[in-house]
$ cat final11.json   # JSON, C-alpha atoms
[["chain", "number", "residue", "atom", "x", "y", "z"],
["J", 19, "ASN", "CA", 0.00, 0.00, 0.00],
["J", 20, "ARG", "CA", 1.09, 3.54, -0.69],
["J", 21, "ARG", "CA", 1.72, 6.04, 2.04],
["J", 22, "MET", "CA", -1.32, 8.15, 2.69],
["J", 23, "ILE", "CA", -1.35, 11.62, 4.11],
["J", 24, "ALA", "CA", -4.28, 12.23, 6.40],
["J", 25, "THR", "CA", -4.76, 15.31, 8.47],
["J", 26, "THR", "CA", -5.11, 15.43, 12.21],
["J", 27, "LEU", "CA", -6.24, 19.02, 12.57],
["J", 28, "THR", "CA", -6.79, 21.11, 15.62],
["J", 29, "LYS", "CA", -8.24, 24.56, 15.52],
["J", 30, "ASP", "CA", -4.97, 26.31, 16.31],
["J", 31, "LYS", "CA", -2.29, 23.92, 15.13],
["J", 32, "PRO", "CA", -2.74, 21.65, 12.10],
["J", 33, "GLN", "CA", -0.68, 18.48, 12.08],
["J", 34, "VAL", "CA", -0.24, 15.75, 9.51],
["J", 35, "SER", "CA", -0.13, 12.01, 10.12],
["J", 36, "LEU", "CA", 1.06, 9.34, 7.67],
["J", 37, "PHE", "CA", -0.94, 6.15, 7.09],
["J", 38, "ARG", "CA", -0.05, 3.18, 4.92],
["J", 39, "GLU", "CA", -3.50, 2.91, 3.36],
["J", 40, "SER", "CA", -4.83, 3.89, -0.02],
["J", 41, "SER", "CA", -7.15, 6.88, -0.39],
["J", 42, "ASP", "CA", -9.90, 4.54, -1.65],
["J", 43, "GLN", "CA", -9.64, 2.40, 1.50],
["J", 44, "LEU", "CA", -9.78, 5.39, 3.80],
["J", 45, "LEU", "CA", -12.63, 7.08, 1.95],
["J", 46, "ALA", "CA", -14.63, 3.85, 1.96],
["J", 47, "ASN", "CA", -14.65, 3.91, 5.76],
["J", 48, "PHE", "CA", -15.11, 7.66, 6.12],
["J", 49, "PRO", "CA", -18.43, 8.73, 7.68],
["J", 50, "LEU", "CA", -19.04, 11.88, 5.63],
["J", 51, "PRO", "CA", -21.22, 11.85, 2.49],
["J", 52, "LYS", "CA", -19.07, 11.73, -0.64],
["J", 53, "GLY", "CA", -21.45, 13.82, -2.76],
["J", 54, "LYS", "CA", -20.14, 17.21, -1.67],
["J", 55, "THR", "CA", -17.99, 19.18, -4.09],
["J", 56, "ASP", "CA", -14.48, 20.32, -3.23],
["J", 57, "GLU", "CA", -15.80, 23.86, -2.94],
["J", 58, "GLU", "CA", -18.51, 22.85, -0.46],
["J", 59, "LEU", "CA", -16.03, 20.86, 1.62],
["J", 60, "ALA", "CA", -13.57, 23.77, 1.64],
["J", 61, "GLY", "CA", -16.35, 26.11, 2.72],
["J", 62, "ASP", "CA", -17.28, 23.76, 5.56],
["J", 63, "ALA", "CA", -13.63, 23.44, 6.58],
["J", 64, "ALA", "CA", -13.26, 27.21, 6.66],
["J", 65, "LYS", "CA", -16.12, 27.25, 9.19],
["J", 66, "GLY", "CA", -14.29, 24.80, 11.43],
["J", 67, "ASN", "CA", -15.35, 21.39, 10.10],
["J", 68, "MET", "CA", -12.10, 19.44, 10.31],
["J", 69, "ASP", "CA", -13.66, 16.29, 8.84],
["J", 70, "SER", "CA", -14.42, 18.14, 5.61],
["J", 71, "PHE", "CA", -10.78, 19.05, 5.15],
["J", 72, "GLU", "CA", -9.84, 15.45, 5.90],
["J", 73, "VAL", "CA", -11.99, 14.35, 2.95],
["J", 74, "LEU", "CA", -10.33, 16.94, 0.70],
["J", 75, "VAL", "CA", -6.90, 15.58, 1.61],
["J", 76, "LEU", "CA", -7.94, 11.98, 0.94],
["J", 77, "ARG", "CA", -9.65, 12.93, -2.30],
["J", 78, "ARG", "CA", -6.89, 15.07, -3.79],
["J", 79, "ARG", "CA", -3.67, 13.76, -2.34],
["J", 80, "LYS", "CA", -2.84, 11.17, -5.04],
["J", 81, "GLY", "CA", -3.11, 13.58, -7.98],
["J", 82, "LEU", "CA", -1.25, 16.28, -6.08],
["J", 83, "VAL", "CA", 1.71, 14.01, -5.35],
["J", 84, "ARG", "CA", 1.83, 12.98, -9.02],
["J", 85, "PHE", "CA", 1.84, 16.64, -10.05],
["J", 86, "LEU", "CA", 4.56, 17.59, -7.56],
["J", 87, "ALA", "CA", 6.71, 14.61, -8.54],
["J", 88, "SER", "CA", 7.23, 16.32, -11.90],
["J", 89, "PHE", "CA", 9.08, 19.11, -10.05],
["J", 90, "SER", "CA", 11.27, 16.89, -7.88],
["J", 91, "GLU", "CA", 13.60, 13.95, -8.26],
["J", 92, "SER", "CA", 12.15, 11.70, -5.58],
["J", 93, "THR", "CA", 8.80, 10.50, -4.34],
["J", 94, "ALA", "CA", 9.78, 11.53, -0.82],
["J", 95, "ASP", "CA", 10.22, 15.14, -1.93],
["J", 96, "ALA", "CA", 6.83, 15.06, -3.67],
["J", 97, "GLU", "CA", 5.21, 13.64, -0.53],
["J", 98, "ASP", "CA", 6.76, 16.38, 1.59],
["J", 99, "LEU", "CA", 5.63, 19.08, -0.83],
["J", 100, "ALA", "CA", 2.10, 17.67, -0.87],
["J", 101, "GLN", "CA", 2.01, 17.70, 2.92],
["J", 102, "GLU", "CA", 3.18, 21.33, 3.00],
["J", 103, "THR", "CA", 0.63, 22.25, 0.32],
["J", 104, "PHE", "CA", -2.27, 20.91, 2.36],
["J", 105, "LEU", "CA", -1.03, 22.61, 5.50],
["J", 106, "ARG", "CA", -0.61, 25.90, 3.65],
["J", 107, "ALA", "CA", -4.10, 25.55, 2.18],
["J", 108, "PHE", "CA", -5.61, 24.82, 5.58],
["J", 109, "ARG", "CA", -3.98, 27.84, 7.16],
["J", 110, "ASN", "CA", -5.29, 30.07, 4.38],
["J", 111, "LEU", "CA", -8.84, 28.75, 4.06],
["J", 112, "SER", "CA", -10.17, 32.10, 5.23],
["J", 113, "ARG", "CA", -8.79, 33.60, 2.00],
["J", 114, "TYR", "CA", -10.36, 31.00, -0.28],
["J", 115, "ASP", "CA", -13.40, 32.08, -2.30],
["J", 116, "PRO", "CA", -15.72, 29.02, -2.55],
["J", 117, "ARG", "CA", -17.25, 30.47, -5.72],
["J", 118, "LYS", "CA", -13.98, 29.59, -7.49],
["J", 119, "PRO", "CA", -12.56, 26.11, -8.14],
["J", 120, "PHE", "CA", -10.82, 24.76, -5.05],
["J", 121, "LEU", "CA", -8.57, 22.47, -7.08],
["J", 122, "THR", "CA", -7.14, 25.38, -9.05],
["J", 123, "TRP", "CA", -6.45, 27.27, -5.84],
["J", 124, "LEU", "CA", -4.79, 24.21, -4.28],
["J", 125, "TYR", "CA", -2.56, 23.56, -7.28],
["J", 126, "VAL", "CA", -1.45, 27.20, -7.46],
["J", 127, "ILE", "CA", -0.20, 26.82, -3.89],
["J", 128, "ALA", "CA", 1.51, 23.55, -4.82],
["J", 129, "ARG", "CA", 3.27, 25.02, -7.85],
["J", 130, "ARG", "CA", 4.60, 27.97, -5.88],
["J", 131, "LEU", "CA", 5.96, 25.68, -3.18],
["J", 132, "ALA", "CA", 7.55, 23.43, -5.79],
["J", 133, "ILE", "CA", 9.24, 26.37, -7.52],
["J", 134, "ASN", "CA", 10.63, 27.59, -4.19],
["J", 135, "PHE", "CA", 11.81, 24.05, -3.47],
["J", 136, "LYS", "CA", 13.75, 23.89, -6.75],
["J", 137, "ARG", "CA", 15.16, 27.39, -6.23],
["J", 138, "ASN", "CA", 16.40, 26.50, -2.75],
["J", 139, "ARG", "CA", 18.06, 23.34, -4.02],
["J", 140, "SER", "CA", 19.86, 25.40, -6.64],
["J", 141, "ARG", "CA", 21.06, 27.85, -4.01],
["J", 142, "ARG", "CA", 22.47, 24.97, -1.99],
["J", 143, "GLY", "CA", 24.62, 24.07, -4.96],
["J", 144, "GLU", "CA", 22.62, 21.05, -6.09],
["J", 145, "SER", "CA", 22.21, 20.70, -9.84],
["J", 146, "PRO", "CA", 19.06, 18.77, -10.78],
["J", 147, "LEU", "CA", 18.40, 18.05, -14.43],
["J", 148, "THR", "CA", 16.61, 20.70, -16.41],
["J", 149, "GLU", "CA", 13.01, 19.92, -17.34],
["J", 150, "GLU", "CA", 13.99, 19.39, -20.97],
["J", 151, "GLU", "CA", 16.80, 17.01, -19.98],
["J", 152, "THR", "CA", 14.47, 14.81, -17.95],
["J", 153, "GLU", "CA", 12.50, 13.63, -20.97],
["J", 154, "LEU", "CA", 13.05, 9.89, -21.35],
["J", 155, "SER", "CA", 12.79, 7.49, -24.23],
["J", 156, "GLY", "CA", 10.12, 4.83, -24.75],
["J", 157, "SER", "CA", 12.57, 2.03, -24.04],
["J", 158, "GLU", "CA", 13.26, 3.43, -20.57],
["J", 159, "CYS", "CA", 9.54, 3.60, -19.91],
["J", 160, "THR", "CA", 9.20, -0.06, -20.83],
["J", 161, "THR", "CA", 11.53, -1.25, -18.07],
["J", 162, "SER", "CA", 9.51, 0.43, -15.31],
["J", 163, "PHE", "CA", 6.01, 0.19, -16.79],
["J", 164, "ASP", "CA", 3.63, -0.88, -14.05],
["J", 165, "SER", "CA", 0.27, -2.62, -14.55],
["J", 166, "GLY", "CA", -0.61, -0.74, -17.71],
["J", 167, "SER", "CA", -0.49, 2.61, -15.91],
["J", 168, "LEU", "CA", -0.80, 5.32, -18.54],
["J", 169, "TRP", "CA", 0.26, 8.07, -16.16],
["J", 170, "SER", "CA", 3.31, 6.17, -14.97],
["J", 171, "CYS", "CA", 4.47, 5.84, -18.53],
["J", 172, "ALA", "CA", 3.47, 9.35, -19.60],
["J", 173, "SER", "CA", 5.53, 10.85, -16.78],
["J", 174, "LYS", "CA", 8.59, 9.19, -18.28],
["J", 175, "LEU", "CA", 7.84, 9.85, -21.94],
["J", 176, "LEU", "CA", 6.98, 13.54, -21.69],
["J", 177, "TYR", "CA", 9.08, 16.42, -20.43],
["J", 178, "PRO", "CA", 7.65, 17.77, -17.14],
["J", 179, "PRO", "CA", 5.75, 20.87, -18.35],
["J", 180, "ALA", "CA", 3.93, 18.80, -20.98],
["J", 181, "PHE", "CA", 3.13, 16.07, -18.46],
["J", 182, "ARG", "CA", 1.68, 18.62, -16.02],
["J", 183, "VAL", "CA", -0.67, 20.06, -18.62],
["J", 184, "LEU", "CA", -1.79, 16.61, -19.74],
["J", 185, "GLN", "CA", -2.35, 15.39, -16.17],
["J", 186, "LEU", "CA", -4.31, 18.45, -15.09],
["J", 187, "HIS", "CA", -6.53, 18.29, -18.17],
["J", 188, "TYR", "CA", -7.30, 14.57, -18.26],
["J", 189, "ALA", "CA", -6.70, 13.27, -14.72],
["J", 190, "GLU", "CA", -8.02, 16.30, -12.84],
["J", 191, "ASN", "CA", -10.56, 17.43, -15.48],
["J", 192, "MET", "CA", -9.29, 21.00, -15.51],
["J", 193, "PRO", "CA", -10.22, 23.28, -18.41],
["J", 194, "VAL", "CA", -7.37, 24.98, -20.25],
["J", 195, "LYS", "CA", -8.06, 28.36, -18.63],
["J", 196, "GLU", "CA", -7.62, 26.93, -15.13],
["J", 197, "ILE", "CA", -4.51, 24.97, -16.13],
["J", 198, "ALA", "CA", -2.99, 28.18, -17.43],
["J", 199, "GLU", "CA", -3.74, 29.85, -14.09],
["J", 200, "VAL", "CA", -2.14, 27.00, -12.13],
["J", 201, "LEU", "CA", 1.01, 27.02, -14.26],
["J", 202, "GLY", "CA", 1.27, 30.77, -14.66],
["J", 203, "LYS", "CA", 1.04, 30.54, -18.45],
["J", 204, "SER", "CA", -1.20, 32.01, -21.12],
["J", 205, "ALA", "CA", -4.26, 30.04, -22.25],
["J", 206, "THR", "CA", -2.94, 30.01, -25.81],
["J", 207, "GLY", "CA", 0.44, 28.68, -24.76],
["J", 208, "THR", "CA", -1.22, 26.03, -22.62],
["J", 209, "LYS", "CA", -3.34, 24.86, -25.57],
["J", 210, "VAL", "CA", -0.20, 24.49, -27.68],
["J", 211, "VAL", "CA", 1.56, 22.44, -24.99],
["J", 212, "LEU", "CA", -1.52, 20.23, -24.57],
["J", 213, "PHE", "CA", -1.76, 19.60, -28.32],
["J", 214, "ARG", "CA", 1.92, 18.71, -28.59],
["J", 215, "ALA", "CA", 1.79, 16.47, -25.51],
["J", 216, "ARG", "CA", -1.15, 14.50, -26.92],
["J", 217, "ARG", "CA", 0.59, 14.12, -30.27],
["J", 218, "SER", "CA", 3.86, 13.06, -28.66],
["J", 219, "LEU", "CA", 2.14, 10.49, -26.44],
["J", 220, "ALA", "CA", 0.12, 9.11, -29.36],
["J", 221, "ASP", "CA", 3.39, 8.42, -31.18],
["J", 222, "LYS", "CA", 4.88, 6.59, -28.20],
["J", 223, "ILE", "CA", 2.02, 4.63, -26.57],
["J", 224, "ASP", "CA", -0.24, 2.00, -28.14],
["J", 225, "PRO", "CA", -3.83, 3.36, -27.90],
["J", 226, "GLN", "CA", -5.25, -0.15, -27.36],
["J", 227, "THR", "CA", -2.91, -1.46, -24.66],
["J", 228, "TYR", "CA", -1.49, 1.83, -23.26],
["J", 229, "GLU", "CA", 1.94, 0.21, -23.48],
["J", 230, "PRO", "CA", 5.04, 1.84, -24.99],
["J", 231, "ILE", "CA", 5.63, 1.37, -28.70],
["J", 232, "ASN", "CA", 9.07, -0.07, -29.38],
["J", 233, "ARG", "CA", 10.44, 1.44, -32.56]]

$ encode --input "final11.json" --output "C-alpha coordinates"
Amino acid sequence: NRRMIATTLTKDKPQVSLFRESSDQLLANFPLPKGKTDEELAGDAAKGNMDSFEVLVLRRRKGLVRFLASFSESTADAEDLAQETFLRAFRNLSRYDPRKPFLTWLYVIARRLAINFKRNRSRRGESPLTEEETELSGSECTTSFDSGSLWSCASKLLYPPAFRVLQLHYAENMPVKEIAEVLGKSATGTKVVLFRARRSLADKIDPQTYEPINR
(Lines of atoms letter the chains of each structure in order from A and count residues from 1; the text may use other names and numbers.)
(Lines give C-alpha, C1' and ligand atoms only; values in the text may rest on other atoms or scores of the structure.)
Protein backbone atom coordinates (compact mmCIF):
# COMPACT_ATOMS: atom_id res chain seq x y z
CA ASN A 1 0.00 0.00 0.00
CA ARG A 2 1.09 3.54 -0.69
CA ARG A 3 1.72 6.04 2.04
CA MET A 4 -1.32 8.15 2.69
CA ILE A 5 -1.35 11.62 4.11
CA ALA A 6 -4.28 12.23 6.40
CA THR A 7 -4.76 15.31 8.47
CA THR A 8 -5.11 15.43 12.21
CA LEU A 9 -6.24 19.02 12.57
CA THR A 10 -6.79 21.11 15.62
CA LYS A 11 -8.24 24.56 15.52
CA ASP A 12 -4.97 26.31 16.31
CA LYS A 13 -2.29 23.92 15.13
CA PRO A 14 -2.74 21.65 12.10
CA GLN A 15 -0.68 18.48 12.08
CA VAL A 16 -0.24 15.75 9.51
CA SER A 17 -0.13 12.01 10.12
CA LEU A 18 1.06 9.34 7.67
CA PHE A 19 -0.94 6.15 7.09
CA ARG A 20 -0.05 3.18 4.92
CA GLU A 21 -3.50 2.91 3.36
CA SER A 22 -4.83 3.89 -0.02
CA SER A 23 -7.15 6.88 -0.39
CA ASP A 24 -9.90 4.54 -1.65
CA GLN A 25 -9.64 2.40 1.50
CA LEU A 26 -9.78 5.39 3.80
CA LEU A 27 -12.63 7.08 1.95
CA ALA A 28 -14.63 3.85 1.96
CA ASN A 29 -14.65 3.91 5.76
CA PHE A 30 -15.11 7.66 6.12
CA PRO A 31 -18.43 8.73 7.68
CA LEU A 32 -19.04 11.88 5.63
CA PRO A 33 -21.22 11.85 2.49
CA LYS A 34 -19.07 11.73 -0.64
CA GLY A 35 -21.45 13.82 -2.76
CA LYS A 36 -20.14 17.21 -1.67
CA THR A 37 -17.99 19.18 -4.09
CA ASP A 38 -14.48 20.32 -3.23
CA GLU A 39 -15.80 23.86 -2.94
CA GLU A 40 -18.51 22.85 -0.46
CA LEU A 41 -16.03 20.86 1.62
CA ALA A 42 -13.57 23.77 1.64
CA GLY A 43 -16.35 26.11 2.72
CA ASP A 44 -17.28 23.76 5.56
CA ALA A 45 -13.63 23.44 6.58
CA ALA A 46 -13.26 27.21 6.66
CA LYS A 47 -16.12 27.25 9.19
CA GLY A 48 -14.29 24.80 11.43
CA ASN A 49 -15.35 21.39 10.10
CA MET A 50 -12.10 19.44 10.31
CA ASP A 51 -13.66 16.29 8.84
CA SER A 52 -14.42 18.14 5.61
CA PHE A 53 -10.78 19.05 5.15
CA GLU A 54 -9.84 15.45 5.90
CA VAL A 55 -11.99 14.35 2.95
CA LEU A 56 -10.33 16.94 0.70
CA VAL A 57 -6.90 15.58 1.61
CA LEU A 58 -7.94 11.98 0.94
CA ARG A 59 -9.65 12.93 -2.30
CA ARG A 60 -6.89 15.07 -3.79
CA ARG A 61 -3.67 13.76 -2.34
CA LYS A 62 -2.84 11.17 -5.04
CA GLY A 63 -3.11 13.58 -7.98
CA LEU A 64 -1.25 16.28 -6.08
CA VAL A 65 1.71 14.01 -5.35
CA ARG A 66 1.83 12.98 -9.02
CA PHE A 67 1.84 16.64 -10.05
CA LEU A 68 4.56 17.59 -7.56
CA ALA A 69 6.71 14.61 -8.54
CA SER A 70 7.23 16.32 -11.90
CA PHE A 71 9.08 19.11 -10.05
CA SER A 72 11.27 16.89 -7.88
CA GLU A 73 13.60 13.95 -8.26
CA SER A 74 12.15 11.70 -5.58
CA THR A 75 8.80 10.50 -4.34
CA ALA A 76 9.78 11.53 -0.82
CA ASP A 77 10.22 15.14 -1.93
CA ALA A 78 6.83 15.06 -3.67
CA GLU A 79 5.21 13.64 -0.53
CA ASP A 80 6.76 16.38 1.59
CA LEU A 81 5.63 19.08 -0.83
CA ALA A 82 2.10 17.67 -0.87
CA GLN A 83 2.01 17.70 2.92
CA GLU A 84 3.18 21.33 3.00
CA THR A 85 0.63 22.25 0.32
CA PHE A 86 -2.27 20.91 2.36
CA LEU A 87 -1.03 22.61 5.50
CA ARG A 88 -0.61 25.90 3.65
CA ALA A 89 -4.10 25.55 2.18
CA PHE A 90 -5.61 24.82 5.58
CA ARG A 91 -3.98 27.84 7.16
CA ASN A 92 -5.29 30.07 4.38
CA LEU A 93 -8.84 28.75 4.06
CA SER A 94 -10.17 32.10 5.23
CA ARG A 95 -8.79 33.60 2.00
CA TYR A 96 -10.36 31.00 -0.28
CA ASP A 97 -13.40 32.08 -2.30
CA PRO A 98 -15.72 29.02 -2.55
CA ARG A 99 -17.25 30.47 -5.72
CA LYS A 100 -13.98 29.59 -7.49
CA PRO A 101 -12.56 26.11 -8.14
CA PHE A 102 -10.82 24.76 -5.05
CA LEU A 103 -8.57 22.47 -7.08
CA THR A 104 -7.14 25.38 -9.05
CA TRP A 105 -6.45 27.27 -5.84
CA LEU A 106 -4.79 24.21 -4.28
CA TYR A 107 -2.56 23.56 -7.28
CA VAL A 108 -1.45 27.20 -7.46
CA ILE A 109 -0.20 26.82 -3.89
CA ALA A 110 1.51 23.55 -4.82
CA ARG A 111 3.27 25.02 -7.85
CA ARG A 112 4.60 27.97 -5.88
CA LEU A 113 5.96 25.68 -3.18
CA ALA A 114 7.55 23.43 -5.79
CA ILE A 115 9.24 26.37 -7.52
CA ASN A 116 10.63 27.59 -4.19
CA PHE A 117 11.81 24.05 -3.47
CA LYS A 118 13.75 23.89 -6.75
CA ARG A 119 15.16 27.39 -6.23
CA ASN A 120 16.40 26.50 -2.75
CA ARG A 121 18.06 23.34 -4.02
CA SER A 122 19.86 25.40 -6.64
CA ARG A 123 21.06 27.85 -4.01
CA ARG A 124 22.47 24.97 -1.99
CA GLY A 125 24.62 24.07 -4.96
CA GLU A 126 22.62 21.05 -6.09
CA SER A 127 22.21 20.70 -9.84
CA PRO A 128 19.06 18.77 -10.78
CA LEU A 129 18.40 18.05 -14.43
CA THR A 130 16.61 20.70 -16.41
CA GLU A 131 13.01 19.92 -17.34
CA GLU A 132 13.99 19.39 -20.97
CA GLU A 133 16.80 17.01 -19.98
CA THR A 134 14.47 14.81 -17.95
CA GLU A 135 12.50 13.63 -20.97
CA LEU A 136 13.05 9.89 -21.35
CA SER A 137 12.79 7.49 -24.23
CA GLY A 138 10.12 4.83 -24.75
CA SER A 139 12.57 2.03 -24.04
CA GLU A 140 13.26 3.43 -20.57
CA CYS A 141 9.54 3.60 -19.91
CA THR A 142 9.20 -0.06 -20.83
CA THR A 143 11.53 -1.25 -18.07
CA SER A 144 9.51 0.43 -15.31
CA PHE A 145 6.01 0.19 -16.79
CA ASP A 146 3.63 -0.88 -14.05
CA SER A 147 0.27 -2.62 -14.55
CA GLY A 148 -0.61 -0.74 -17.71
CA SER A 149 -0.49 2.61 -15.91
CA LEU A 150 -0.80 5.32 -18.54
CA TRP A 151 0.26 8.07 -16.16
CA SER A 152 3.31 6.17 -14.97
CA CYS A 153 4.47 5.84 -18.53
CA ALA A 154 3.47 9.35 -19.60
CA SER A 155 5.53 10.85 -16.78
CA LYS A 156 8.59 9.19 -18.28
CA LEU A 157 7.84 9.85 -21.94
CA LEU A 158 6.98 13.54 -21.69
CA TYR A 159 9.08 16.42 -20.43
CA PRO A 160 7.65 17.77 -17.14
CA PRO A 161 5.75 20.87 -18.35
CA ALA A 162 3.93 18.80 -20.98
CA PHE A 163 3.13 16.07 -18.46
CA ARG A 164 1.68 18.62 -16.02
CA VAL A 165 -0.67 20.06 -18.62
CA LEU A 166 -1.79 16.61 -19.74
CA GLN A 167 -2.35 15.39 -16.17
CA LEU A 168 -4.31 18.45 -15.09
CA HIS A 169 -6.53 18.29 -18.17
CA TYR A 170 -7.30 14.57 -18.26
CA ALA A 171 -6.70 13.27 -14.72
CA GLU A 172 -8.02 16.30 -12.84
CA ASN A 173 -10.56 17.43 -15.48
CA MET A 174 -9.29 21.00 -15.51
CA PRO A 175 -10.22 23.28 -18.41
CA VAL A 176 -7.37 24.98 -20.25
CA LYS A 177 -8.06 28.36 -18.63
CA GLU A 178 -7.62 26.93 -15.13
CA ILE A 179 -4.51 24.97 -16.13
CA ALA A 180 -2.99 28.18 -17.43
CA GLU A 181 -3.74 29.85 -14.09
CA VAL A 182 -2.14 27.00 -12.13
CA LEU A 183 1.01 27.02 -14.26
CA GLY A 184 1.27 30.77 -14.66
CA LYS A 185 1.04 30.54 -18.45
CA SER A 186 -1.20 32.01 -21.12
CA ALA A 187 -4.26 30.04 -22.25
CA THR A 188 -2.94 30.01 -25.81
CA GLY A 189 0.44 28.68 -24.76
CA THR A 190 -1.22 26.03 -22.62
CA LYS A 191 -3.34 24.86 -25.57
CA VAL A 192 -0.20 24.49 -27.68
CA VAL A 193 1.56 22.44 -24.99
CA LEU A 194 -1.52 20.23 -24.57
CA PHE A 195 -1.76 19.60 -28.32
CA ARG A 196 1.92 18.71 -28.59
CA ALA A 197 1.79 16.47 -25.51
CA ARG A 198 -1.15 14.50 -26.92
CA ARG A 199 0.59 14.12 -30.27
CA SER A 200 3.86 13.06 -28.66
CA LEU A 201 2.14 10.49 -26.44
CA ALA A 202 0.12 9.11 -29.36
CA ASP A 203 3.39 8.42 -31.18
CA LYS A 204 4.88 6.59 -28.20
CA ILE A 205 2.02 4.63 -26.57
CA ASP A 206 -0.24 2.00 -28.14
CA PRO A 207 -3.83 3.36 -27.90
CA GLN A 208 -5.25 -0.15 -27.36
CA THR A 209 -2.91 -1.46 -24.66
CA TYR A 210 -1.49 1.83 -23.26
CA GLU A 211 1.94 0.21 -23.48
CA PRO A 212 5.04 1.84 -24.99
CA ILE A 213 5.63 1.37 -28.70
CA ASN A 214 9.07 -0.07 -29.38
CA ARG A 215 10.44 1.44 -32.56

$ atom_distance --input "final11.json" --atom1 "atom CA of Arg109 of chain J" --atom2 "atom CA of Ala64 of chain J"
9.3 Å

$ residues_around --input "final11.json" --residues "Ala87 of chain J" --least-positions-apart "2" --cutoff "10 Å" --atoms "all atoms listed in the file" --output "list of chain:residue names"
J:Gly81, J:Leu82, J:Val83, J:Arg84, J:Phe85, J:Phe89, J:Ser90, J:Glu91, J:Ser92, J:Thr93, J:Ala94, J:Asp95, J:Ala96, J:Glu97, J:Leu99, J:Ala100, J:Ala132, J:Ser173, J:Pro178, J:Arg182

$ residues_around --input "final11.json" --residues "Tyr125 of chain J" --least-positions-apart "4" --cutoff "8 Å" --atoms "only C-alpha atoms" --output "list in words"
Leu82, Leu121, Arg129 and Val200 of chain J

$ atom_distance --input "final11.json" --atom1 "atom CA of Val183 of chain J" --atom2 "atom CA of Leu212 of chain J"
6.0 Å

$ closest_residue --input "final11.json" --among "J:Lys195, J:Lys222, J:Lys54, J:Arg139" --to "Lys209 of chain J" --atoms "all atoms listed in the file"
J:Lys195

$ atom_distance --input "final11.json" --atom1 "atom CA of Asn138 of chain J" --atom2 "atom CA of Leu186 of chain J"
25.4 Å

$ residues_around --input "final11.json" --residues "segment 116-118 of chain J" --least-positions-apart "6" --cutoff "8 Å" --atoms "only C-alpha atoms" --output "number ranges by chain"
J: 57-58, 60-61

$ closest_residue --input "final11.json" --among "J:Arg141, J:Ser170, J:Ile133, J:Asp56" --to "Tyr114 of chain J" --atoms "all atoms listed in the file"
J:Asp56

$ closest_residue --input "final11.json" --among "J:Thr103, J:Ala63, J:Ser204, J:Trp123" --to "Phe135 of chain J" --atoms "all atoms listed in the file"
J:Thr103

$ closest_residue --input "final11.json" --among "J:Thr55, J:Thr122, J:Gln185, J:Asn67" --to "Gly202 of chain J" --atoms "all atoms listed in the file"
J:Thr122
